[in-house]
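Text of the file my_file08.txt, holding compact mmCIF, C-alpha atoms and all ligand atoms:
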```txt
# COMPACT_ATOMS: atom_id res chain seq x y z
CA MET A 602 73.61 -89.39 32.40
CA ALA A 603 75.85 -87.40 30.12
CA VAL A 604 79.59 -87.80 30.09
CA LEU A 605 82.42 -85.54 29.11
CA ALA A 606 85.83 -86.60 27.90
CA PHE A 607 87.77 -83.45 28.54
CA LEU A 608 91.16 -83.76 27.09
CA ASP A 609 94.19 -82.33 28.68
CA HIS A 610 96.15 -81.39 25.64
CA ASP A 611 96.13 -77.68 25.51
CA ALA A 612 99.87 -78.27 25.51
CA GLY A 613 99.83 -79.01 21.79
CA HIS A 614 101.16 -75.73 20.43
CA ALA A 615 100.03 -74.27 17.13
CA GLU A 616 101.45 -72.42 14.21
CA PRO A 617 101.38 -68.69 14.97
CA GLY A 618 98.13 -67.12 13.81
CA HIS A 619 96.50 -70.44 12.93
CA PRO A 620 92.75 -70.46 13.78
CA GLU A 621 92.86 -74.06 15.05
CA ARG A 622 94.77 -73.31 18.24
CA PRO A 623 94.94 -74.46 21.87
CA ALA A 624 93.06 -71.35 23.10
CA ARG A 625 89.90 -72.92 21.69
CA LEU A 626 89.96 -75.60 24.37
CA GLY A 627 91.02 -73.15 27.06
CA ALA A 628 87.88 -71.10 26.47
CA VAL A 629 85.71 -74.20 26.52
CA ARG A 630 87.33 -75.44 29.72
CA ALA A 631 86.71 -72.08 31.45
CA ALA A 632 83.05 -72.05 30.38
CA ILE A 633 82.43 -75.58 31.64
CA GLU A 634 84.27 -75.20 34.91
CA GLY A 635 82.50 -71.89 35.59
CA ASP A 636 79.02 -73.33 35.10
CA GLU A 637 77.55 -74.94 38.20
CA ARG A 638 74.70 -76.37 36.11
CA LEU A 639 77.28 -78.73 34.60
CA THR A 640 78.46 -80.25 37.87
CA GLY A 641 76.24 -83.26 37.14
CA LEU A 642 78.43 -84.31 34.25
CA ALA A 643 80.39 -87.51 34.68
CA ARG A 644 83.91 -87.31 33.31
CA VAL A 645 85.74 -90.10 31.57
CA GLU A 646 89.38 -90.33 30.56
CA GLY A 647 90.25 -91.63 27.17
CA GLY A 648 93.94 -92.11 26.68
CA ALA A 649 95.41 -92.35 23.22
CA ALA A 650 93.47 -94.31 20.62
CA ALA A 651 95.20 -97.59 19.81
CA ARG A 652 96.82 -98.13 16.45
CA GLU A 653 94.38 -101.00 15.84
CA ALA A 654 91.41 -98.63 16.26
CA LEU A 655 92.92 -96.03 13.91
CA GLU A 656 93.71 -98.66 11.27
CA ARG A 657 90.03 -99.57 11.02
CA VAL A 658 89.74 -96.30 9.06
CA HIS A 659 93.20 -95.06 8.09
CA THR A 660 95.99 -96.55 6.00
CA ALA A 661 99.17 -97.54 7.77
CA ALA A 662 101.03 -95.23 5.39
CA LEU A 663 99.12 -92.15 6.57
CA LEU A 664 99.52 -93.01 10.25
CA ASP A 665 103.25 -93.67 9.78
CA ARG A 666 103.66 -90.36 7.97
CA VAL A 667 101.98 -88.26 10.68
CA GLU A 668 103.85 -90.06 13.46
CA ALA A 669 107.21 -89.69 11.71
CA LEU A 670 106.63 -86.00 11.01
CA ALA A 671 105.81 -85.36 14.68
CA GLU A 672 108.78 -87.37 15.91
CA GLY A 673 111.01 -85.53 13.47
CA GLY A 674 110.12 -82.16 15.00
CA GLY A 675 106.96 -81.32 13.04
CA GLY A 676 106.11 -79.76 9.70
CA VAL A 677 103.21 -79.12 7.39
CA LEU A 678 101.12 -81.67 5.50
CA ASP A 679 99.36 -79.07 3.35
CA ALA A 680 98.75 -75.32 3.43
CA ASP A 681 96.25 -75.68 6.30
CA THR A 682 97.44 -78.71 8.17
CA TYR A 683 100.38 -78.55 10.54
CA VAL A 684 102.04 -81.17 12.70
CA THR A 685 103.96 -80.24 15.86
CA PRO A 686 106.07 -82.64 17.95
CA ALA A 687 102.96 -83.10 20.17
CA SER A 688 100.46 -83.58 17.36
CA TRP A 689 100.58 -87.36 17.02
CA ASP A 690 99.89 -87.80 20.72
CA VAL A 691 97.32 -84.97 20.83
CA ALA A 692 95.34 -86.29 17.85
CA ARG A 693 95.33 -89.85 19.19
CA ARG A 694 94.14 -88.60 22.58
CA ALA A 695 91.36 -86.54 20.97
CA CYS A 696 90.28 -89.72 19.20
CA GLY A 697 90.67 -91.83 22.36
CA GLY A 698 88.42 -89.43 24.24
CA LEU A 699 85.63 -90.02 21.76
CA LEU A 700 86.16 -93.79 21.97
CA ALA A 701 85.80 -93.51 25.77
CA VAL A 702 82.52 -91.66 25.28
CA VAL A 703 81.32 -94.39 22.90
CA ASP A 704 82.27 -97.01 25.52
CA ALA A 705 80.37 -95.08 28.20
CA VAL A 706 77.31 -94.84 25.97
CA LEU A 707 77.28 -98.39 24.58
CA ALA A 708 78.53 -100.26 27.65
CA GLY A 709 78.40 -97.87 30.60
CA GLY A 710 74.78 -96.79 30.74
CA ALA A 711 75.28 -93.18 29.64
CA ALA A 712 72.63 -91.78 27.31
CA GLY A 713 75.06 -89.37 25.71
CA GLY A 714 78.43 -87.71 25.94
CA PHE A 715 80.73 -85.17 24.36
CA ALA A 716 84.44 -85.58 23.63
CA VAL A 717 86.02 -82.13 23.66
CA GLY A 718 89.40 -82.36 21.98
CA ARG A 719 91.45 -81.02 19.14
CA PRO A 720 92.56 -80.99 16.39
CA PRO A 721 89.27 -81.73 14.60
CA GLY A 722 88.90 -84.84 12.46
CA HIS A 723 86.15 -84.81 9.84
CA HIS A 724 88.32 -83.74 6.87
CA ALA A 725 90.81 -86.57 7.42
CA ALA A 726 90.25 -89.21 4.75
CA PRO A 727 91.42 -92.81 5.11
CA ASP A 728 94.68 -92.04 3.29
CA GLN A 729 95.04 -88.26 3.65
CA ALA A 730 95.30 -85.73 6.48
CA MET A 731 93.90 -82.34 5.47
CA GLY A 732 91.94 -79.30 6.62
CA PHE A 733 93.56 -79.13 10.11
CA CYS A 734 92.60 -82.81 10.61
CA LEU A 735 95.09 -85.63 11.20
CA VAL A 736 92.85 -88.58 12.10
CA ASN A 737 89.09 -88.85 11.68
CA HIS A 738 87.66 -89.25 15.17
CA VAL A 739 84.02 -89.86 14.25
CA ALA A 740 84.94 -92.42 11.59
CA VAL A 741 87.20 -94.29 14.01
CA ALA A 742 84.43 -94.12 16.62
CA ALA A 743 81.84 -95.57 14.24
CA ARG A 744 84.12 -98.49 13.42
CA HIS A 745 84.96 -98.93 17.13
CA ALA A 746 81.24 -99.12 17.94
CA GLN A 747 80.86 -101.86 15.36
CA ALA A 748 84.03 -103.82 16.18
CA ALA A 749 84.06 -103.53 19.98
CA HIS A 750 80.36 -103.26 20.82
CA GLY A 751 78.60 -105.09 18.00
CA ALA A 752 76.73 -102.02 16.79
CA GLU A 753 75.20 -102.85 13.42
CA ARG A 754 74.24 -99.40 12.22
CA VAL A 755 75.84 -96.06 13.09
CA LEU A 756 74.41 -92.69 12.05
CA VAL A 757 76.96 -89.87 11.72
CA VAL A 758 75.56 -86.33 11.69
CA ASP A 759 77.98 -83.53 10.77
CA LEU A 760 76.77 -80.03 11.63
CA ASP A 761 80.10 -78.28 11.06
CA ALA A 762 79.98 -75.45 8.49
CA HIS A 763 82.42 -77.41 6.29
CA HIS A 764 81.61 -80.65 4.49
CA GLY A 765 82.80 -83.76 6.35
CA ASN A 766 84.57 -85.10 3.27
CA GLY A 767 86.85 -87.48 5.16
CA THR A 768 83.93 -89.14 6.91
CA GLN A 769 82.06 -89.39 3.62
CA ASP A 770 85.07 -91.02 1.96
CA ALA A 771 85.44 -93.55 4.79
CA PHE A 772 81.87 -94.85 4.41
CA TYR A 773 80.81 -93.98 0.86
CA ASP A 774 80.28 -97.63 -0.15
CA ASP A 775 79.13 -98.83 3.27
CA PRO A 776 75.41 -99.21 4.02
CA SER A 777 76.07 -99.78 7.76
CA VAL A 778 77.11 -96.16 8.41
CA LEU A 779 74.70 -93.42 7.33
CA VAL A 780 76.52 -90.10 6.97
CA VAL A 781 74.45 -86.89 7.02
CA SER A 782 76.38 -83.64 6.56
CA SER A 783 75.03 -80.09 6.45
CA HIS A 784 77.50 -77.48 5.27
CA GLN A 785 77.89 -74.20 3.42
CA ALA A 786 78.03 -74.86 -0.34
CA GLY A 787 81.31 -73.77 -1.92
CA LEU A 788 83.20 -73.55 1.36
CA TYR A 789 86.32 -75.68 1.91
CA PRO A 790 86.74 -78.42 0.69
CA SER A 791 84.04 -77.75 -1.96
CA THR A 792 82.66 -81.29 -1.83
CA GLY A 793 79.33 -82.48 -0.46
CA ALA A 794 76.96 -81.82 -3.34
CA LEU A 795 73.40 -83.09 -3.00
CA ASP A 796 73.98 -85.80 -5.60
CA GLU A 797 76.94 -87.26 -3.69
CA ALA A 798 74.66 -89.86 -2.15
CA GLY A 799 76.79 -92.98 -1.65
CA GLY A 800 77.95 -95.65 -4.05
CA GLY A 801 77.73 -99.41 -4.56
CA ALA A 802 76.19 -101.13 -1.55
CA GLY A 803 76.25 -97.75 0.19
CA ALA A 804 74.03 -96.01 -2.37
CA GLY A 805 71.66 -93.77 -0.45
CA ALA A 806 73.68 -93.95 2.77
CA THR A 807 75.31 -90.55 2.25
CA VAL A 808 73.06 -87.50 2.64
CA ASN A 809 74.43 -84.06 1.86
CA LEU A 810 72.68 -80.82 2.72
CA PRO A 811 74.62 -78.07 0.88
CA LEU A 812 73.38 -74.73 2.20
CA PRO A 813 73.44 -71.15 0.96
CA ALA A 814 75.50 -68.59 2.86
CA ARG A 815 73.49 -66.84 5.61
CA THR A 816 71.14 -69.78 6.06
CA GLY A 817 70.77 -68.80 9.71
CA ASP A 818 68.61 -70.67 12.20
CA ALA A 819 66.31 -71.82 9.39
CA LEU A 820 68.67 -74.81 9.33
CA VAL A 821 66.95 -76.10 12.48
CA ASP A 822 63.68 -76.53 10.56
CA LEU A 823 65.51 -78.35 7.76
CA TYR A 824 66.95 -80.74 10.34
CA ARG A 825 63.46 -81.28 11.79
CA ALA A 826 62.19 -82.08 8.31
CA VAL A 827 64.80 -84.61 7.21
CA LEU A 828 66.64 -86.07 10.20
CA PRO A 829 63.82 -87.86 12.09
CA PRO A 830 62.60 -89.77 8.99
CA LEU A 831 66.16 -90.69 8.00
CA ALA A 832 66.88 -91.97 11.51
CA ALA A 833 63.57 -93.83 11.74
CA ARG A 834 64.27 -95.66 8.49
CA PHE A 835 67.93 -96.42 9.32
CA ARG A 836 67.34 -97.43 12.99
CA PRO A 837 70.86 -96.66 14.27
CA ASP A 838 72.34 -98.31 17.34
CA LEU A 839 74.50 -95.22 17.90
CA VAL A 840 74.47 -91.64 16.66
CA VAL A 841 77.87 -89.93 16.40
CA VAL A 842 77.94 -86.18 15.86
CA SER A 843 80.68 -84.11 14.23
CA ALA A 844 79.93 -81.15 16.47
CA GLY A 845 81.53 -78.17 14.80
CA PHE A 846 80.33 -74.71 15.71
CA ASP A 847 81.80 -72.65 12.89
CA ALA A 848 78.31 -72.16 11.43
CA HIS A 849 77.85 -69.33 13.95
CA ARG A 850 77.44 -65.83 12.49
CA LEU A 851 80.57 -64.57 14.26
CA ASP A 852 82.84 -67.38 13.13
CA PRO A 853 85.80 -66.14 11.09
CA LEU A 854 85.83 -69.16 8.74
CA GLY A 855 82.14 -69.84 8.10
CA GLY A 856 79.27 -67.80 6.67
CA LEU A 857 76.13 -69.69 7.68
CA SER A 858 75.08 -67.11 10.28
CA LEU A 859 73.45 -69.34 12.88
CA SER A 860 73.07 -68.26 16.51
CA VAL A 861 74.24 -70.18 19.58
CA THR A 862 70.57 -71.01 20.18
CA GLY A 863 70.24 -72.36 16.65
CA LEU A 864 73.36 -74.49 16.96
CA VAL A 865 72.29 -75.98 20.29
CA ASP A 866 68.84 -76.61 18.82
CA LEU A 867 70.47 -78.56 15.95
CA VAL A 868 72.03 -80.83 18.57
CA GLY A 869 68.61 -81.03 20.21
CA VAL A 870 67.02 -82.29 16.99
CA VAL A 871 69.73 -84.95 16.70
CA GLN A 872 69.29 -85.88 20.36
CA GLU A 873 65.52 -86.32 19.90
CA ALA A 874 66.06 -88.44 16.80
CA ALA A 875 68.55 -90.64 18.69
CA ASP A 876 66.21 -90.96 21.67
CA ALA A 877 63.31 -91.90 19.40
CA GLN A 878 65.37 -94.80 18.05
CA GLY A 879 66.73 -95.85 21.44
CA ALA A 880 70.23 -95.00 20.20
CA GLY A 881 73.05 -93.51 22.25
CA LEU A 882 74.60 -90.19 21.33
CA ALA A 883 78.33 -89.42 21.16
CA LEU A 884 79.52 -85.97 20.12
CA SER A 885 83.00 -85.01 18.96
CA LEU A 886 84.23 -81.44 18.74
CA GLU A 887 85.14 -80.33 15.21
CA GLY A 888 85.45 -76.66 14.14
CA GLY A 889 84.51 -73.38 15.78
CA TYR A 890 87.09 -70.61 15.63
CA ASN A 891 85.53 -67.75 17.59
CA THR A 892 86.59 -68.96 21.03
CA GLY A 893 83.82 -67.17 22.96
CA VAL A 894 81.14 -68.53 20.66
CA LEU A 895 82.69 -71.98 20.76
CA ALA A 896 82.67 -72.00 24.56
CA ALA A 897 79.02 -70.89 24.67
CA CYS A 898 78.04 -73.57 22.14
CA VAL A 899 79.82 -76.42 23.92
CA ALA A 900 78.48 -75.41 27.35
CA GLY A 901 74.99 -74.99 25.88
CA THR A 902 75.23 -78.40 24.21
CA LEU A 903 76.26 -80.06 27.47
CA ARG A 904 73.36 -78.44 29.32
CA ARG A 905 71.04 -79.68 26.56
CA LEU A 906 72.44 -83.22 26.94
CA LEU A 907 71.77 -83.11 30.68
CA ASP A 908 68.31 -81.54 30.31
CA PRO A 909 66.57 -81.44 26.91
CA THR A 910 64.32 -78.65 28.20
CA ALA A 911 67.18 -76.44 29.40
CA PRO A 912 67.05 -72.90 27.95
CA VAL A 913 70.06 -71.75 25.92
CA ASP A 914 72.32 -68.98 27.21
CA ASP A 915 73.01 -66.95 24.07
CA PRO A 916 75.22 -63.97 24.90
CA PHE A 917 75.78 -63.27 21.20
CA GLY A 918 72.12 -62.89 20.26
CA PRO A 919 69.96 -63.99 17.34
CA SER A 920 71.16 -64.73 13.83
CA ARG A 921 69.76 -61.52 12.30
CA CYS A 922 69.43 -62.71 8.74
CA PRO A 923 66.29 -63.11 6.68
CA ALA A 924 65.28 -66.77 6.69
CA PRO A 925 66.06 -68.23 3.26
CA ASP A 926 63.57 -70.53 1.61
CA LEU A 927 64.94 -74.06 2.09
CA THR A 928 61.79 -75.84 0.91
CA THR A 929 63.29 -76.65 -2.52
CA LEU A 930 66.40 -78.15 -0.91
CA ALA A 931 64.24 -80.11 1.55
CA GLN A 932 62.13 -81.45 -1.32
CA HIS A 933 65.22 -82.43 -3.33
CA VAL A 934 66.55 -84.34 -0.32
CA ARG A 935 63.19 -86.07 0.17
CA ASP A 936 63.01 -87.01 -3.52
CA LEU A 937 66.61 -88.18 -3.79
CA HIS A 938 66.43 -90.26 -0.61
CA GLY A 939 62.85 -91.47 -0.91
CA LEU A 940 61.59 -89.92 2.30
ZN ZN B 1001 84.55 -76.41 9.96
```
Could you render the structure as structure tokens?
Amino acid sequence: MAVLAFLDHDAGHAEPGHPERPARLGAVRAAIEGDERLTGLARVEGGAAAREALERVHTAALLDRVEALAEGGGGVLDADTYVTPASWDVARRACGGLLAVVDAVLAGGAAGGFAVGRPPGHHAAPDQAMGFCLVNHVAVAARHAQAAHGAERVLVVDLDAHHGNGTQDAFYDDPSVLVVSSHQAGLYPSTGALDEAGGGAGAGATVNLPLPARTGDALVDLYRAVLPPLAARFRPDLVVVSAGFDAHRLDPLGGLSLSVTGLVDLVGVVQEAADAQGAGLALSLEGGYNTGVLAACVAGTLRRLLDPTAPVDDPFGPSRCPAPDLTTLAQHVRDLHGL
């Protein structure tokens, strides 16, 4: 069974012209509701994430600041990151949707699920909102899995085109959460170098895959090379995915040039690795700013969750870039992480 936490907060209005806007979810909603192959999805409601759950990752000072800014009529936290009067509620509901998916997976018998909400979360650090992100959904979900369900090890895989710096910061010293992020090197926020590999007790539990621009669908082969052995060694109880789709070739913010097929196949590699370890799979929407592409990617991902053999509908076509040679990067990752 796959579940969907589909969050009813298109109402959260955006700054004019901002790429992270409610129309993203409207396009996804239309694609899902228009696809009869997705009628087998179970739907769960999340509600707003509790303060206690958020404080497992974030400082009280950050949460107070975002809440006060929203209650005061809104404002900006940095050049990219806005808060509207609805944002505190919207962000907590996006997070709560993912927690409901985790509950369905770890206690409700679902093999996997996808929380489709906004704004995204993976740039939000424990003490700082940034990069469109107010609270870090996947980080809160990993801690929720541990605190509420007794999960010992959680694997976070971030396939957004941007480095999941906030998630990395939350778990950098923690060996119980393995964070794997693939991202375009040099893109915002310019972190996520190969040698950022965890610290202290968490040394080795951060894996960064910084990629050249126009990597294209060759990324799928890199995932096949490194993710299964990492997962087999770590033996996660749960796999949480920062499912951003701005690595598509038509995305206005990213330059990785993948196709819809490639992006859905990335999820497929993660799904196979989770299945091989007997771990549940919980996905959380991150970026993806071409709304048509985003809708195709989310619908394709849901079909893949329901049926791993399902073909991908790819109305935007192949990635059309020469496959770069990623063997050196793959070897560096193997050497650095002892695979
Ligand atoms: Zn992104």
Fewer than 6 positions away in the same chain doesn't count, so skip those; otherwise give me all residues within 9 Å of Pro925 of chain A, counting only C-alpha atoms, as a list of chain:residue names.
A:Pro813, A:Arg815, A:Thr816, A:Gly817, A:Ala819
What is the distance, in Å and to one decimal place, between atom CA of Gly881 of chain A and atom CA of Cys898 of chain A?
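Computing it gives 20.6 Å between the two atoms.
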Write out as a ChimeraX atom specification which residues come within 9 Å of Cys696 of chain A when counting all atoms listed in the file, dropping same-chain ones fewer than 6 positions away.
/A:647-650,655,716,718-719,722,736-739,741-742,885
What's the separation between atom CA of Pro721 of chain A and atom CA of Gln872 of chain A, in Å to one decimal place?
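Those two atoms sit 21.2 Å apart.
When only C-alpha atoms and all ligand atoms are used to compute distances to ligand ZN 1001 (chain B), the closest of the residues A:Asp915, A:Glu634, A:Asp690, A:Glu621 turns out to be A:Glu621.
Proximity of A:Thr660, A:Gln932, A:Arg644, A:Leu605 to Ala883 of chain A, computed with all atoms listed in the file, is greatest for A:Leu605.
Using only C-alpha atoms and all ligand atoms for every distance, the candidate list A:Ala848, A:Met731, A:Ala748, A:Ala632 yields A:Ala848 as the residue closest to ligand ZN 1001 (chain B).
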Selected residue of minimal separation from ligand ZN 1001 (chain B) among A:His619, A:Arg638, A:His763, A:His659, counting all atoms listed in the file
A:His763
Within 7 Å of file point (70.9, -77.9, 5.6), counting all atoms listed in the file, expressed as a list in words:
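These residues have at least one counted atom within 7 Å: Ser783, His784, Leu810, Pro811, Leu812, Leu820, Leu823 and Tyr824 of chain A.
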Have a look at A:Ala826, A:Ala911, A:Ala671, A:Val658 and name the one nearest to Val870 of chain A; count only C-alpha atoms.
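Closest to Val870 of chain A, using only C-alpha atoms: A:Ala826.
Using all atoms listed in the file, the smallest distance between any of A:Leu760, A:Val842, A:Ala802, A:Leu907 and ligand ZN 1001 (chain B) comes from A:Leu760.
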Mind listing the residues within 7 Å of ligand ZN 1001 (chain B), only C-alpha atoms and all ligand atoms counted, as a PyMOL selection string?
chain A and resi 761-763+845+847+887-889
Using Å and a single decimal, report how far atom CA of Val840 of chain A sits from atom CA of Gln878 of chain A.
9.7 Å
With a distance cut-off of 8 Å and only C-alpha atoms, select the neighbouring residues of Tyr890 of chain A, excluding the residue or stretch itself and same-chain residues fewer than 2 positions from it, and output the selection as an MDAnalysis selection string.
chainID A and resid 620:621 625 846:847 852:854 888 892 895
Give me the residues near Val684 of chain A as an mmCIF file with C-alpha atoms, in the coordinates of the input, where near means some atom within 9 Å (using all atoms listed in the file) and where sequence neighbours in that chain fewer than 6 positions away do not count.
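The resulting file, part_20.cif, is reproduced below:
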```cif
data_model
loop_
_atom_site.group_PDB
_atom_site.id
_atom_site.type_symbol
_atom_site.label_atom_id
_atom_site.label_comp_id
_atom_site.auth_asym_id
_atom_site.auth_seq_id
_atom_site.Cartn_x
_atom_site.Cartn_y
_atom_site.Cartn_z
ATOM 1 C CA ALA A 615 100.030 -74.270 17.130
ATOM 2 C CA GLU A 616 101.450 -72.420 14.210
ATOM 3 C CA VAL A 667 101.980 -88.260 10.680
ATOM 4 C CA LEU A 670 106.630 -86.000 11.010
ATOM 5 C CA ALA A 671 105.810 -85.360 14.680
ATOM 6 C CA GLY A 674 110.120 -82.160 15.000
ATOM 7 C CA GLY A 675 106.960 -81.320 13.040
ATOM 8 C CA GLY A 676 106.110 -79.760 9.700
ATOM 9 C CA VAL A 677 103.210 -79.120 7.390
ATOM 10 C CA LEU A 678 101.120 -81.670 5.500
ATOM 11 C CA LEU A 735 95.090 -85.630 11.200
#
```
Could you name the residues that touch His849 of chain A at 7 Å or less, counting all atoms listed in the file, but leaving out those on the same chain fewer than 3 positions away, as number ranges by chain?
A: 846, 852, 857-861
For segment 827-838 of chain A, where the input has fewer atoms than it should, I would like N, CA, C and O atoms rebuilt and written as a PDB file, keeping the file's coordinate frame.
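Resulting contents of out-v8.pdb:
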```pdb
ATOM      1  N   VAL A 827      64.162 -83.453   7.855  1.00  0.00           N
ATOM      2  CA  VAL A 827      64.800 -84.610   7.210  1.00  0.00           C
ATOM      3  C   VAL A 827      65.433 -85.610   8.187  1.00  0.00           C
ATOM      4  O   VAL A 827      65.500 -86.807   7.880  1.00  0.00           O
ATOM      5  N   LEU A 828      65.886 -85.147   9.351  1.00  0.00           N
ATOM      6  CA  LEU A 828      66.640 -86.070  10.200  1.00  0.00           C
ATOM      7  C   LEU A 828      65.774 -87.152  10.862  1.00  0.00           C
ATOM      8  O   LEU A 828      66.154 -88.341  10.830  1.00  0.00           O
ATOM      9  N   PRO A 829      64.619 -86.798  11.453  1.00  0.00           N
ATOM     10  CA  PRO A 829      63.820 -87.860  12.090  1.00  0.00           C
ATOM     11  C   PRO A 829      63.414 -88.972  11.113  1.00  0.00           C
ATOM     12  O   PRO A 829      63.562 -90.158  11.464  1.00  0.00           O
ATOM     13  N   PRO A 830      62.943 -88.642   9.879  1.00  0.00           N
ATOM     14  CA  PRO A 830      62.600 -89.770   8.990  1.00  0.00           C
ATOM     15  C   PRO A 830      63.816 -90.586   8.544  1.00  0.00           C
ATOM     16  O   PRO A 830      63.703 -91.816   8.393  1.00  0.00           O
ATOM     17  N   LEU A 831      64.953 -89.926   8.340  1.00  0.00           N
ATOM     18  CA  LEU A 831      66.160 -90.690   8.000  1.00  0.00           C
ATOM     19  C   LEU A 831      66.530 -91.643   9.134  1.00  0.00           C
ATOM     20  O   LEU A 831      66.853 -92.818   8.907  1.00  0.00           O
ATOM     21  N   ALA A 832      66.502 -91.140  10.359  1.00  0.00           N
ATOM     22  CA  ALA A 832      66.880 -91.970  11.510  1.00  0.00           C
ATOM     23  C   ALA A 832      65.877 -93.100  11.714  1.00  0.00           C
ATOM     24  O   ALA A 832      66.258 -94.235  12.020  1.00  0.00           O
ATOM     25  N   ALA A 833      64.593 -92.801  11.524  1.00  0.00           N
ATOM     26  CA  ALA A 833      63.570 -93.830  11.740  1.00  0.00           C
ATOM     27  C   ALA A 833      63.711 -94.966  10.740  1.00  0.00           C
ATOM     28  O   ALA A 833      63.496 -96.136  11.062  1.00  0.00           O
ATOM     29  N   ARG A 834      64.098 -94.618   9.509  1.00  0.00           N
ATOM     30  CA  ARG A 834      64.270 -95.660   8.490  1.00  0.00           C
ATOM     31  C   ARG A 834      65.543 -96.462   8.717  1.00  0.00           C
ATOM     32  O   ARG A 834      65.588 -97.669   8.510  1.00  0.00           O
ATOM     33  N   PHE A 835      66.613 -95.775   9.189  1.00  0.00           N
ATOM     34  CA  PHE A 835      67.930 -96.420   9.320  1.00  0.00           C
ATOM     35  C   PHE A 835      68.039 -97.233  10.624  1.00  0.00           C
ATOM     36  O   PHE A 835      68.767 -98.212  10.694  1.00  0.00           O
ATOM     37  N   ARG A 836      67.348 -96.796  11.658  1.00  0.00           N
ATOM     38  CA  ARG A 836      67.340 -97.430  12.990  1.00  0.00           C
ATOM     39  C   ARG A 836      68.767 -97.633  13.542  1.00  0.00           C
ATOM     40  O   ARG A 836      69.224 -98.754  13.762  1.00  0.00           O
ATOM     41  N   PRO A 837      69.473 -96.536  13.787  1.00  0.00           N
ATOM     42  CA  PRO A 837      70.860 -96.660  14.270  1.00  0.00           C
ATOM     43  C   PRO A 837      70.935 -97.204  15.691  1.00  0.00           C
ATOM     44  O   PRO A 837      70.034 -96.977  16.506  1.00  0.00           O
ATOM     45  N   ASP A 838      72.034 -97.908  15.967  1.00  0.00           N
ATOM     46  CA  ASP A 838      72.340 -98.310  17.340  1.00  0.00           C
ATOM     47  C   ASP A 838      73.065 -97.188  18.082  1.00  0.00           C
ATOM     48  O   ASP A 838      73.065 -97.141  19.310  1.00  0.00           O
TER      49      ASP A 838
END
```
